[in-house]
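Q: The structure file my_file-v2.csv (CSV, C-alpha atoms and all ligand atoms) is provided below.
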chain,number,residue,atom,x,y,z
A,7,MET,CA,-10.2,71.8,21.0
A,8,LYS,CA,-7.5,74.3,19.8
A,9,LYS,CA,-8.8,77.2,17.8
A,10,LYS,CA,-8.1,76.8,14.1
A,11,LEU,CA,-5.5,79.2,12.7
A,12,VAL,CA,-4.1,79.2,9.1
A,13,PHE,CA,-0.6,80.2,8.2
A,14,SER,CA,1.1,80.1,4.8
A,15,GLY,CA,3.8,81.9,2.9
A,16,VAL,CA,4.9,82.7,-0.6
A,17,GLN,CA,8.5,83.5,-1.6
A,18,PRO,CA,9.1,86.8,-3.3
A,19,THR,CA,11.3,85.3,-6.0
A,20,GLY,CA,9.7,86.6,-9.1
A,21,ASN,CA,6.4,86.4,-11.0
A,22,LEU,CA,3.8,84.3,-9.3
A,23,HIS,CA,2.5,81.6,-11.7
A,24,LEU,CA,-0.4,79.2,-12.2
A,25,GLY,CA,1.2,76.7,-9.8
A,26,ASN,CA,1.3,79.2,-7.0
A,27,TYR,CA,-2.3,80.2,-7.9
A,28,LEU,CA,-3.8,76.7,-7.9
A,29,GLY,CA,-1.5,75.2,-5.3
A,30,ALA,CA,-1.8,78.0,-2.8
A,31,LEU,CA,-3.4,81.4,-3.5
A,32,LYS,CA,-6.8,80.1,-4.5
A,33,ASN,CA,-7.0,78.1,-1.3
A,34,PHE,CA,-5.9,81.0,0.8
A,35,VAL,CA,-8.9,83.0,-0.4
A,36,ILE,CA,-11.3,80.2,0.3
A,37,LEU,CA,-9.9,79.7,3.8
A,38,GLN,CA,-10.1,83.4,4.6
A,39,LYS,CA,-13.9,83.0,4.6
A,40,GLU,CA,-13.8,80.2,7.2
A,41,MET,CA,-11.0,80.9,9.7
A,42,LYS,CA,-8.4,83.3,11.0
A,43,CYS,CA,-5.6,83.4,8.5
A,44,ILE,CA,-2.0,84.8,8.4
A,45,TYR,CA,-0.4,85.1,5.0
A,46,CYS,CA,3.3,86.0,4.8
A,47,VAL,CA,5.6,87.1,2.1
A,48,VAL,CA,8.6,85.0,3.1
A,49,ASP,CA,11.5,87.2,2.1
A,50,LEU,CA,14.0,85.5,4.5
A,51,HIS,CA,13.3,82.2,2.6
A,52,ALA,CA,13.9,84.0,-0.7
A,53,ILE,CA,17.5,85.1,0.3
A,54,THR,CA,18.6,81.4,0.8
A,55,ILE,CA,19.4,81.8,-2.9
A,56,PHE,CA,21.0,85.1,-3.9
A,57,GLN,CA,18.5,87.9,-4.8
A,58,LYS,CA,19.5,91.2,-6.2
A,59,PRO,CA,18.4,93.7,-3.4
A,60,GLU,CA,16.4,95.9,-5.8
A,61,ASP,CA,14.6,92.9,-7.3
A,62,LEU,CA,13.8,91.5,-3.8
A,63,ASN,CA,12.2,94.9,-2.9
A,64,ASN,CA,10.0,94.9,-6.0
A,65,ASN,CA,9.2,91.3,-5.7
A,66,VAL,CA,7.9,91.7,-2.1
A,67,LEU,CA,5.5,94.4,-3.2
A,68,GLU,CA,4.5,92.4,-6.2
A,69,THR,CA,3.7,89.4,-4.1
A,70,VAL,CA,1.5,91.5,-1.8
A,71,ALA,CA,-0.2,92.9,-4.9
A,72,SER,CA,-0.8,89.3,-6.1
A,73,PHE,CA,-2.3,88.4,-2.7
A,74,LEU,CA,-4.7,91.3,-2.9
A,75,ALA,CA,-5.5,90.8,-6.6
A,76,THR,CA,-6.5,87.1,-6.1
A,77,GLY,CA,-8.9,88.2,-3.3
A,78,LEU,CA,-7.1,88.3,0.0
A,79,ASP,CA,-8.6,91.0,2.2
A,80,PRO,CA,-6.2,92.7,4.7
A,81,LYS,CA,-9.3,93.4,6.9
A,82,LYS,CA,-9.9,89.7,7.3
A,83,SER,CA,-6.4,88.2,7.0
A,84,ILE,CA,-3.1,89.3,8.4
A,85,ILE,CA,-0.7,90.1,5.5
A,86,PHE,CA,2.9,91.0,6.2
A,87,ASN,CA,6.5,90.2,5.2
A,88,GLN,CA,8.5,87.8,7.3
A,89,SER,CA,11.7,89.9,7.9
A,90,SER,CA,9.6,92.6,9.6
A,91,VAL,CA,8.7,90.3,12.5
A,92,SER,CA,12.0,89.3,14.1
A,93,GLY,CA,10.4,86.5,16.0
A,94,HIS,CA,10.7,84.3,12.9
A,95,ALA,CA,14.5,84.4,12.9
A,96,GLU,CA,14.6,83.9,16.7
A,97,LEU,CA,12.4,80.9,16.8
A,98,ALA,CA,14.2,79.5,13.7
A,99,TRP,CA,17.4,79.5,15.8
A,100,ILE,CA,15.8,77.7,18.7
A,101,PHE,CA,14.4,75.1,16.1
A,102,ASN,CA,17.9,74.8,14.6
A,103,CYS,CA,18.8,73.4,18.0
A,104,VAL,CA,15.8,71.1,18.2
A,105,SER,CA,15.7,69.8,14.6
A,106,ARG,CA,18.2,66.9,13.7
A,107,ILE,CA,20.7,66.9,10.9
A,108,GLY,CA,19.4,63.5,9.8
A,109,TRP,CA,15.9,65.0,9.3
A,110,LEU,CA,17.2,67.8,7.1
A,111,ASN,CA,19.3,65.3,5.1
A,112,ARG,CA,16.1,63.7,3.9
A,113,MET,CA,14.6,66.9,2.4
A,114,THR,CA,14.3,66.5,-1.3
A,115,GLN,CA,13.8,70.2,-2.0
A,116,PHE,CA,17.3,70.9,-0.8
A,117,LYS,CA,18.7,68.2,-3.1
A,118,ASP,CA,16.7,69.7,-6.0
A,119,LYS,CA,17.6,73.3,-5.4
A,120,ALA,CA,21.3,72.8,-4.4
A,121,GLY,CA,21.9,70.8,-7.6
A,122,SER,CA,25.0,68.8,-8.1
A,123,ASP,CA,27.4,70.9,-6.1
A,124,LYS,CA,25.9,70.9,-2.6
A,125,GLU,CA,29.1,72.3,-1.0
A,126,LYS,CA,28.4,75.6,-2.7
A,127,ALA,CA,24.7,75.9,-1.5
A,128,SER,CA,24.1,78.4,1.3
A,129,VAL,CA,23.6,77.1,4.9
A,130,GLY,CA,20.3,78.9,4.8
A,131,LEU,CA,19.0,76.8,2.0
A,132,TYR,CA,19.9,73.7,4.0
A,133,ILE,CA,18.1,74.8,7.2
A,134,TYR,CA,15.2,76.4,5.3
A,135,PRO,CA,12.7,73.8,6.6
A,136,ASN,CA,13.6,74.8,10.2
A,137,LEU,CA,12.7,78.5,9.4
A,138,MET,CA,9.5,77.3,7.8
A,139,ALA,CA,8.6,75.4,11.0
A,140,ALA,CA,9.3,78.6,12.9
A,141,ASP,CA,7.0,80.6,10.6
A,142,ILE,CA,4.1,78.3,11.3
A,143,LEU,CA,4.7,77.6,15.0
A,144,LEU,CA,5.5,81.2,15.9
A,145,TYR,CA,1.7,81.7,15.6
A,146,LYS,CA,0.8,78.2,16.8
A,147,ALA,CA,-1.0,77.8,13.4
A,148,THR,CA,-3.0,74.6,13.1
A,149,HIS,CA,-3.5,74.5,9.3
A,150,VAL,CA,-1.1,75.2,6.4
A,151,PRO,CA,-2.4,75.5,2.8
A,152,VAL,CA,0.4,74.5,0.5
A,153,GLY,CA,1.1,72.7,-2.8
A,154,ALA,CA,2.2,69.0,-2.7
A,155,ASP,CA,5.9,70.0,-3.0
A,156,GLN,CA,5.8,71.4,0.6
A,157,LYS,CA,4.3,68.2,2.2
A,158,GLN,CA,7.7,67.0,3.3
A,159,HIS,CA,8.6,70.3,5.0
A,160,LEU,CA,5.2,70.3,6.8
A,161,GLU,CA,6.0,66.8,8.1
A,162,LEU,CA,9.3,68.1,9.4
A,163,ALA,CA,7.5,71.0,11.1
A,164,ARG,CA,5.3,68.5,12.9
A,165,ASP,CA,8.4,66.5,14.0
A,166,ILE,CA,10.0,69.7,15.4
A,167,ALA,CA,6.8,70.6,17.2
A,168,GLN,CA,6.5,67.1,18.7
A,169,LYS,CA,10.2,67.1,19.8
A,170,PHE,CA,10.0,70.5,21.3
A,171,ASN,CA,6.9,69.5,23.3
A,172,ASN,CA,8.7,66.3,24.5
A,173,ASP,CA,12.1,67.9,25.2
A,174,PHE,CA,10.6,70.7,27.2
A,175,ASN,CA,8.0,68.6,28.9
A,176,CYS,CA,5.0,70.6,27.6
A,177,SER,CA,2.7,68.3,25.7
A,178,ASN,CA,0.3,70.1,23.4
A,179,PHE,CA,2.3,73.4,23.7
A,180,PHE,CA,2.9,73.5,19.9
A,181,PRO,CA,0.0,72.1,17.8
A,182,LEU,CA,1.0,69.6,15.1
A,183,PRO,CA,0.1,71.7,12.0
A,184,GLU,CA,-1.8,70.0,9.3
A,185,PRO,CA,-1.2,70.5,5.6
A,186,LEU,CA,-4.1,71.5,3.4
A,187,ILE,CA,-3.2,70.3,0.0
A,188,PRO,CA,-5.6,70.8,-3.0
A,189,LYS,CA,-7.1,67.5,-3.9
A,190,ASN,CA,-7.2,67.7,-7.7
A,191,VAL,CA,-4.2,69.8,-8.8
A,192,SER,CA,-1.7,69.6,-5.9
A,193,ARG,CA,1.3,70.0,-8.2
A,194,VAL,CA,1.0,72.0,-11.5
A,195,MET,CA,3.7,70.8,-13.8
A,196,SER,CA,5.9,72.7,-16.3
A,197,LEU,CA,4.4,73.2,-19.7
A,198,ARG,CA,7.7,72.0,-21.3
A,199,ASP,CA,8.4,69.0,-19.1
A,200,GLY,CA,5.5,67.2,-17.3
A,201,THR,CA,7.9,65.6,-14.8
A,202,LYS,CA,9.1,68.9,-13.3
A,203,LYS,CA,6.9,71.3,-11.3
A,204,MET,CA,6.0,74.7,-12.7
A,205,SER,CA,8.4,77.1,-11.1
A,206,LYS,CA,9.4,80.8,-11.0
A,207,SER,CA,13.1,80.0,-11.3
A,208,GLU,CA,12.8,77.7,-14.4
A,209,GLU,CA,14.7,79.4,-17.1
A,210,SER,CA,12.2,79.2,-19.9
A,211,ASP,CA,9.2,81.5,-19.5
A,212,TYR,CA,7.3,79.0,-21.8
A,213,SER,CA,7.3,76.5,-19.0
A,214,ARG,CA,4.8,78.5,-17.0
A,215,ILE,CA,1.7,80.7,-17.1
A,216,ASN,CA,2.5,83.9,-15.0
A,217,LEU,CA,-0.3,85.7,-13.3
A,218,LYS,CA,0.7,88.8,-15.2
A,219,ASP,CA,0.7,87.2,-18.6
A,220,LYS,CA,-1.5,88.9,-21.3
A,221,GLU,CA,-4.1,87.1,-23.4
A,222,ASP,CA,-1.5,86.5,-26.3
A,223,ASP,CA,1.1,85.2,-23.9
A,224,ILE,CA,-1.3,82.6,-22.5
A,225,ALA,CA,-2.5,81.6,-26.0
A,226,ASN,CA,1.1,81.3,-27.3
A,227,LYS,CA,2.4,79.3,-24.3
A,228,ILE,CA,-0.5,76.9,-24.4
A,229,LYS,CA,-0.1,76.5,-28.2
A,230,LYS,CA,3.6,75.6,-27.7
A,231,ALA,CA,3.0,73.4,-24.6
A,232,LYS,CA,4.1,69.8,-24.9
A,233,SER,CA,1.1,67.4,-25.2
A,234,ASP,CA,0.8,64.2,-27.1
A,235,SER,CA,0.7,63.0,-30.7
A,236,GLU,CA,-2.1,60.5,-30.1
A,237,ALA,CA,-5.8,61.5,-29.6
A,238,ILE,CA,-7.1,62.3,-26.1
A,239,PRO,CA,-7.8,58.9,-24.4
A,240,ASP,CA,-11.1,58.0,-22.6
A,241,ASN,CA,-9.5,56.9,-19.3
A,242,ILE,CA,-7.0,58.3,-16.7
A,243,LYS,CA,-4.9,55.2,-16.7
A,244,ALA,CA,-3.9,55.8,-20.4
A,245,LEU,CA,-2.4,59.1,-19.3
A,246,GLU,CA,0.0,57.7,-16.8
A,247,ALA,CA,2.9,57.7,-19.2
A,248,LYS,CA,2.0,61.1,-20.7
A,249,PRO,CA,2.7,63.6,-18.0
A,250,GLU,CA,2.4,66.7,-20.2
A,251,ALA,CA,-1.0,65.7,-21.5
A,252,LEU,CA,-2.2,64.8,-18.1
A,253,ASN,CA,-1.0,68.2,-16.8
A,254,LEU,CA,-2.9,70.1,-19.4
A,255,LEU,CA,-6.1,68.1,-18.8
A,256,ASN,CA,-5.7,68.5,-15.0
A,257,ILE,CA,-5.3,72.3,-15.3
A,258,TYR,CA,-8.4,72.4,-17.6
A,259,SER,CA,-10.4,70.3,-15.1
A,260,GLU,CA,-9.4,72.5,-12.2
A,261,ILE,CA,-10.0,75.8,-13.7
A,262,SER,CA,-13.3,74.8,-15.4
A,263,ASN,CA,-14.4,73.0,-12.3
A,264,VAL,CA,-15.3,69.8,-14.1
A,265,SER,CA,-13.9,66.4,-12.9
A,266,LEU,CA,-11.2,64.9,-15.0
A,267,GLU,CA,-13.4,61.9,-15.8
A,268,LYS,CA,-16.0,64.2,-17.3
A,269,VAL,CA,-13.4,66.1,-19.2
A,270,LEU,CA,-12.2,62.8,-20.7
A,271,ASN,CA,-15.8,61.8,-21.5
A,272,GLU,CA,-16.3,65.0,-23.4
A,273,MET,CA,-12.9,65.1,-25.2
A,274,SER,CA,-11.9,61.5,-25.8
A,275,GLY,CA,-10.9,60.8,-29.5
A,276,LYS,CA,-10.2,64.5,-30.1
A,277,GLU,CA,-6.8,66.1,-30.9
A,278,TYR,CA,-5.0,68.0,-28.2
A,279,SER,CA,-5.5,71.2,-30.2
A,280,PHE,CA,-9.2,71.0,-29.2
A,281,LEU,CA,-8.2,70.9,-25.5
A,282,LYS,CA,-5.7,73.7,-26.0
A,283,THR,CA,-8.3,76.1,-27.5
A,284,LYS,CA,-10.7,75.5,-24.6
A,285,LEU,CA,-7.9,75.7,-22.0
A,286,THR,CA,-6.7,79.0,-23.4
A,287,ASP,CA,-10.2,80.4,-23.1
A,288,VAL,CA,-10.7,79.3,-19.4
A,289,LEU,CA,-7.2,80.5,-18.5
A,290,VAL,CA,-7.6,83.9,-20.1
A,291,ASN,CA,-10.9,84.3,-18.3
A,292,GLU,CA,-9.5,83.4,-14.9
A,293,ILE,CA,-5.9,84.7,-15.0
A,294,THR,CA,-5.9,88.0,-17.0
A,295,PRO,CA,-8.2,89.9,-14.7
A,296,VAL,CA,-5.9,88.9,-11.8
A,297,GLY,CA,-2.9,90.2,-13.8
A,298,LYS,CA,-4.6,93.5,-14.6
A,299,GLU,CA,-5.4,94.0,-11.0
A,300,ILE,CA,-1.8,93.2,-9.9
A,301,LYS,CA,-0.5,95.9,-12.4
A,302,LYS,CA,-3.1,98.4,-11.1
A,303,LEU,CA,-2.2,97.7,-7.5
A,304,LEU,CA,1.5,98.2,-8.2
A,305,GLU,CA,0.8,101.7,-9.3
A,306,ASP,CA,0.2,102.6,-5.7
A,307,LYS,CA,3.2,101.2,-3.8
A,308,SER,CA,2.5,103.3,-0.7
A,309,HIS,CA,-0.9,101.5,-0.3
A,310,LEU,CA,1.0,98.1,-0.5
A,311,MET,CA,3.5,99.4,2.1
A,312,LYS,CA,0.6,100.4,4.4
A,313,VAL,CA,-1.0,96.9,4.1
A,314,LEU,CA,2.4,95.3,5.1
A,315,LYS,CA,2.8,97.8,8.0
A,316,LYS,CA,-0.6,97.1,9.5
A,317,GLY,CA,-0.1,93.3,9.0
A,318,THR,CA,3.3,93.5,10.7
A,319,GLU,CA,1.8,95.2,13.7
A,320,LYS,CA,-0.9,92.5,14.1
A,321,ALA,CA,1.5,89.6,13.5
A,322,ASN,CA,4.0,91.0,16.0
A,323,ILE,CA,1.5,91.1,18.8
A,324,ILE,CA,0.8,87.4,18.4
A,325,ALA,CA,4.4,86.5,17.8
A,326,GLU,CA,5.7,88.4,20.9
A,327,GLU,CA,3.1,86.8,23.2
A,328,ASN,CA,4.0,83.3,22.0
A,329,LEU,CA,7.8,84.0,22.1
A,330,LYS,CA,7.5,85.0,25.7
A,331,ASN,CA,6.2,81.6,26.6
A,332,ILE,CA,8.7,79.8,24.2
A,333,ARG,CA,11.7,81.6,25.8
A,334,GLU,CA,10.4,80.6,29.3
A,335,LYS,CA,10.0,76.9,28.2
A,336,VAL,CA,13.5,76.8,26.9
A,337,GLY,CA,14.9,78.5,30.0
A,338,LEU,CA,16.1,81.7,28.3
A,339,ILE,CA,15.9,84.8,30.5
B,1,LIG,N1,4.0,74.0,-9.5
B,1,LIG,C1,3.3,74.1,-8.4
B,1,LIG,N2,2.1,73.4,-8.2
B,1,LIG,C2,1.4,73.6,-7.1
B,1,LIG,N3,1.7,74.4,-6.0
B,1,LIG,C3,2.9,75.1,-6.2
B,1,LIG,N4,3.5,76.0,-5.4
B,1,LIG,C4,4.6,76.4,-6.0
B,1,LIG,N5,4.8,75.8,-7.2
B,1,LIG,C5,3.7,75.0,-7.3
B,1,LIG,C6,3.0,76.4,-4.1
B,1,LIG,O1,3.0,77.8,-4.0
B,1,LIG,C7,3.3,78.2,-2.7
B,1,LIG,C8,4.4,79.2,-2.7
B,1,LIG,O2,5.5,78.7,-3.2
B,1,LIG,P1,6.9,79.5,-3.1
B,1,LIG,O3,6.9,80.5,-4.2
B,1,LIG,O4,7.1,80.0,-1.8
B,1,LIG,O5,8.0,78.5,-3.3
B,1,LIG,P2,8.3,77.3,-4.4
B,1,LIG,O6,7.4,76.2,-4.0
B,1,LIG,O7,9.7,77.1,-4.3
B,1,LIG,O8,7.8,78.0,-5.7
B,1,LIG,P3,8.6,78.1,-7.0
B,1,LIG,O9,7.7,78.7,-8.1
B,1,LIG,O10,9.2,76.8,-7.4
B,1,LIG,O11,9.7,79.2,-6.7
B,1,LIG,P4,11.2,79.1,-6.9
B,1,LIG,O12,11.4,78.8,-8.3
B,1,LIG,O13,11.6,80.5,-6.5
B,1,LIG,O14,11.7,78.1,-6.0
B,1,LIG,C9,3.7,77.0,-1.9
B,1,LIG,O15,2.5,76.6,-1.1
B,1,LIG,C10,3.9,75.9,-3.0
B,1,LIG,O16,3.6,74.6,-2.5
Show me this structure written as structure tokens.
Ligand code: AQP
A:
Amino acid sequence: MKKKLVFSGVQPTGNLHLGNYLGALKNFVILQKEMKCIYCVVDLHAITIFQKPEDLNNNVLETVASFLATGLDPKKSIIFNQSSVSGHAELAWIFNCVSRIGWLNRMTQFKDKAGSDKEKASVGLYIYPNLMAADILLYKATHVPVGADQKQHLELARDIAQKFNNDFNCSNFFPLPEPLIPKNVSRVMSLRDGTKKMSKSEESDYSRINLKDKEDDIANKIKKAKSDSEAIPDNIKALEAKPEALNLLNIYSEISNVSLEKVLNEMSGKEYSFLKTKLTDVLVNEITPVGKEIKKLLEDKSHLMKVLKKGTEKANIIAEENLKNIREKVGLI
């Protein structure tokens, strides 16, 4: 039995939001209690879409602050930024040569992010999933907590690991990493359009709850969130064609830790304004303390830099040890 090891990353592309929190960060903290975990600020992924250098710098520190504010402990977990361990880029190149163009052509995130003019997207955005496979397999991680949007990339990482093991005749050299996707809210949707995921890069700030939002921001955004003109139904099936209503109910169920069925039992027949008041309360309780802590942590940037430096040292030791064996398998001197 291989030892369990968790790896996951978050892009420093702006304010972290409720989707990042429920899809990833909350799970990171739970896993930290059970196994060895490596959590990475994936700055090399961020630059697949142009980032202003000064913004990127700040966003890296803000992401670390968000990790710590949600409860990650640098004494228990390794916390660092991707570009400071050069093994990520080296292994990504090796995987560029293992992964197949046909595999990448199937990735839906590239299609979504590249938009209609794919010719103008960066090559980095196209091969992003190979770098993600390298991030995970550089440490031979076995488990990867992610939101549902990353499931396809995880499957690609497994295909790359399998092909590497076959090509270089070393079965079981790389583990086939398993995604850990939250069961209830695996994809938090935009507050303005329930068919789109909540995202940092969505233009309207009203589409998301940011971890740094104040009480009033949260109340306003939930008040303005799209819901439904009919009363809350008593069964989940009736919500199928109402993605915005379902999203609000799902978020409420997850944060208040009450099953969706029970929430519907309690609220059926009521207006959505009833749900919105309760949702605002639970969100304010859960999110605003995190936001306050992020702001406090950002006042001491040298502490955040120290956390990254220590994490980098620890990550580098594991990465170099594994890379030595990887280079040998490939035949590089
Ligand atoms: N809406 C979401 N619901 C559930 N999980 C989500 N995640 C992101 N959005 C949601 C999960 O958060 C982790 C970190 O994601 P990321 O920031 O590295 O990249 P992303 O998925 O591309 O997030 P965004 O907000 O959409 O960023 P931009 O706009 O910069 O592309 C991942 O585990 C992800 O699944």
Q: Counting all atoms listed in the file, which of A:Ala52, A:Met311, A:Leu67, A:Leu266 gets nearest to ligand LIG 1 (chain B)?
A: A:Ala52
Q: Of the candidates A:Asp155, A:Glu40, A:Glu334, A:Asp287, which shows the shortest atom-to-atom distance to Asn26 of chain A, using only C-alpha atoms?
A: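 Of A:Asp155, A:Glu40, A:Glu334, A:Asp287, the one nearest Asn26 of chain A is A:Asp155, counting only C-alpha atoms.
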Q: Calculate how many Å separate atom CA of Lys320 of chain A from atom CA of Val35 of chain A, rounding to one decimal.
A: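 Distance between the two atoms: 19.1 Å.
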Q: As a compact mmCIF listing (two decimals) with C-alpha atoms, keeping the file's coordinate frame, please: the residues near Val288 of chain A (cut-off 7 Å, only C-alpha atoms, same-chain neighbours under 3 positions excluded).
A:
# COMPACT_ATOMS: atom_id res chain seq x y z
CA ILE A 261 -10.00 75.80 -13.70
CA SER A 262 -13.30 74.80 -15.40
CA LYS A 284 -10.70 75.50 -24.60
CA LEU A 285 -7.90 75.70 -22.00
CA ASN A 291 -10.90 84.30 -18.30
CA GLU A 292 -9.50 83.40 -14.90
Q: Find the distance between atom CA of Val47 of chain A and atom O2 of ligand LIG 1 (chain B) and write it in Å to one decimal.
A: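 Going from atom CA of Val47 of chain A over to atom O2 of ligand LIG 1 (chain B) covers 9.9 Å.
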Q: Grab me every residue within 6 Å of ligand LIG 1 (chain B), counting only C-alpha atoms and all ligand atoms, and send it over as a ChimeraX atom specification.
A: /A:16-17,19,25-26,29-30,152-156,192-195,203-207
Q: Next, write the just-selected residues to a file, as a tab-separated table (two decimals), in the frame of the given file, keeping C-alpha atoms as the atom set.
A:
chain	number	residue	atom	x	y	z
A	16	VAL	CA	4.90	82.70	-0.60
A	17	GLN	CA	8.50	83.50	-1.60
A	19	THR	CA	11.30	85.30	-6.00
A	25	GLY	CA	1.20	76.70	-9.80
A	26	ASN	CA	1.30	79.20	-7.00
A	29	GLY	CA	-1.50	75.20	-5.30
A	30	ALA	CA	-1.80	78.00	-2.80
A	152	VAL	CA	0.40	74.50	0.50
A	153	GLY	CA	1.10	72.70	-2.80
A	154	ALA	CA	2.20	69.00	-2.70
A	155	ASP	CA	5.90	70.00	-3.00
A	156	GLN	CA	5.80	71.40	0.60
A	192	SER	CA	-1.70	69.60	-5.90
A	193	ARG	CA	1.30	70.00	-8.20
A	194	VAL	CA	1.00	72.00	-11.50
A	195	MET	CA	3.70	70.80	-13.80
A	203	LYS	CA	6.90	71.30	-11.30
A	204	MET	CA	6.00	74.70	-12.70
A	205	SER	CA	8.40	77.10	-11.10
A	206	LYS	CA	9.40	80.80	-11.00
A	207	SER	CA	13.10	80.00	-11.30
Q: Here is a test: counting all atoms listed in the file, which residue of A:Arg106, A:Lys227, A:Lys220, A:Lys202 is nearest to Lys169 of chain A?
A: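 Of all the options, A:Arg106 lies closest to Lys169 of chain A.
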Q: Find the spatial neighbours of Asn33 of chain A, counting all atoms listed in the file, within a cut-off of 10 Å - ignore same-chain residues fewer than 6 positions away - and output them as a list of chain:residue names.
A: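 Counting only the stated atoms, we get A:Tyr27, A:Pro151, A:Val152, A:Gly153, A:Leu186, A:Ile187, A:Pro188.
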Q: Can those selected residues be exported to a file as a PDB file, keeping the file's coordinate frame so that it contains C-alpha atoms?
A:
ATOM      1  CA  TYR A  27      -2.300  80.200  -7.900  1.00  0.00           C
ATOM      2  CA  PRO A 151      -2.400  75.500   2.800  1.00  0.00           C
ATOM      3  CA  VAL A 152       0.400  74.500   0.500  1.00  0.00           C
ATOM      4  CA  GLY A 153       1.100  72.700  -2.800  1.00  0.00           C
ATOM      5  CA  LEU A 186      -4.100  71.500   3.400  1.00  0.00           C
ATOM      6  CA  ILE A 187      -3.200  70.300   0.000  1.00  0.00           C
ATOM      7  CA  PRO A 188      -5.600  70.800  -3.000  1.00  0.00           C
TER       8      PRO A 188
END
Q: I'd like to know which of A:Val269, A:Ile107, A:Val296, A:Val191 is closest to Gly77 of chain A, using all atoms listed in the file.
A: A:Val296
Q: Quick one: pull the distance between atom CA of Lys32 of chain A and atom CA of Ser83 of chain A, Å, one decimal.
A: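 Pair atom CA of Lys32 of chain A / atom CA of Ser83 of chain A returns 14.1 Å.
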Q: I need the residue nearest Lys119 of chain A from this list: A:Leu197, A:Val104, A:Leu131, A:Ala140. Use only C-alpha atoms for the distance.
A: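 Under the stated criterion, the closest residue is A:Leu131.
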Q: Write out as a VMD selection string which residues come within 10 Å of Val150 of chain A when counting all atoms listed in the file, dropping same-chain ones fewer than 2 positions away.
A: chain A and resid 11 to 15 30 34 43 to 44 142 147 to 148 152 to 153 156 to 157 160 183 to 187
Q: The selected residues should be written to file as a PDB file, keeping the file's coordinate frame (atoms: C-alpha atoms).
A:
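Okay, part15.pdb is ready:
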ATOM      1  CA  LEU A  11      -5.500  79.200  12.700  1.00  0.00           C
ATOM      2  CA  VAL A  12      -4.100  79.200   9.100  1.00  0.00           C
ATOM      3  CA  PHE A  13      -0.600  80.200   8.200  1.00  0.00           C
ATOM      4  CA  SER A  14       1.100  80.100   4.800  1.00  0.00           C
ATOM      5  CA  GLY A  15       3.800  81.900   2.900  1.00  0.00           C
ATOM      6  CA  ALA A  30      -1.800  78.000  -2.800  1.00  0.00           C
ATOM      7  CA  PHE A  34      -5.900  81.000   0.800  1.00  0.00           C
ATOM      8  CA  CYS A  43      -5.600  83.400   8.500  1.00  0.00           C
ATOM      9  CA  ILE A  44      -2.000  84.800   8.400  1.00  0.00           C
ATOM     10  CA  ILE A 142       4.100  78.300  11.300  1.00  0.00           C
ATOM     11  CA  ALA A 147      -1.000  77.800  13.400  1.00  0.00           C
ATOM     12  CA  THR A 148      -3.000  74.600  13.100  1.00  0.00           C
ATOM     13  CA  VAL A 152       0.400  74.500   0.500  1.00  0.00           C
ATOM     14  CA  GLY A 153       1.100  72.700  -2.800  1.00  0.00           C
ATOM     15  CA  GLN A 156       5.800  71.400   0.600  1.00  0.00           C
ATOM     16  CA  LYS A 157       4.300  68.200   2.200  1.00  0.00           C
ATOM     17  CA  LEU A 160       5.200  70.300   6.800  1.00  0.00           C
ATOM     18  CA  PRO A 183       0.100  71.700  12.000  1.00  0.00           C
ATOM     19  CA  GLU A 184      -1.800  70.000   9.300  1.00  0.00           C
ATOM     20  CA  PRO A 185      -1.200  70.500   5.600  1.00  0.00           C
ATOM     21  CA  LEU A 186      -4.100  71.500   3.400  1.00  0.00           C
ATOM     22  CA  ILE A 187      -3.200  70.300   0.000  1.00  0.00           C
TER      23      ILE A 187
END
Q: Please, which residues are within 12 Å of (16.0, 82.3, 18.0) by the file's coordinates, counting all atoms listed in the file, and could they come as a PyMOL selection string?
A: chain A and resi 92-104+136-137+140-141+144+329-330+332-333+336+338
Q: Would you pick out the contacts of Lys218 of chain A at 8 Å or less, using all atoms listed in the file, so that residues sharing its chain but fewer than 6 positions from it are not included, and give the list as a list in words?
A: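 Contacts, with the query itself left out: Asn21, Ile293, Thr294, Val296, Gly297, Lys298, Ile300 and Lys301 of chain A.
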Q: Go ahead and save the residues from that selection, with C-alpha atoms, as a PDB file, in the coordinates of the input.
A:
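Saved as part_14.pdb:
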ATOM      1  CA  ASN A  21       6.400  86.400 -11.000  1.00  0.00           C
ATOM      2  CA  ILE A 293      -5.900  84.700 -15.000  1.00  0.00           C
ATOM      3  CA  THR A 294      -5.900  88.000 -17.000  1.00  0.00           C
ATOM      4  CA  VAL A 296      -5.900  88.900 -11.800  1.00  0.00           C
ATOM      5  CA  GLY A 297      -2.900  90.200 -13.800  1.00  0.00           C
ATOM      6  CA  LYS A 298      -4.600  93.500 -14.600  1.00  0.00           C
ATOM      7  CA  ILE A 300      -1.800  93.200  -9.900  1.00  0.00           C
ATOM      8  CA  LYS A 301      -0.500  95.900 -12.400  1.00  0.00           C
TER       9      LYS A 301
END
Q: With all atoms listed in the file as the atoms that count, which of A:Asp79, A:Glu277, A:Glu267, A:Glu319 lies nearest to Glu236 of chain A?
A: A:Glu277
Q: Using only C-alpha atoms, which protein or nucleic acid residues come within 9 Å of Leu62 of chain A? Drop anything in the same chain fewer than 3 positions from it, and give the result as number ranges by chain.
A: A: 18-20, 49, 52-53, 57-59, 65-67
Q: Calculate, to one decimal in Å, the centre and edge lengths of the box along x, y and z of the file that holds all listed atoms of segment 228-241 of chain A with 6 Å of margin on each side, and present them as AutoDock Vina command-line options.
A:
--center_x -3.5 --center_y 66.9 --center_z -25.0 --size_x 27.2 --size_y 32.0 --size_z 23.4
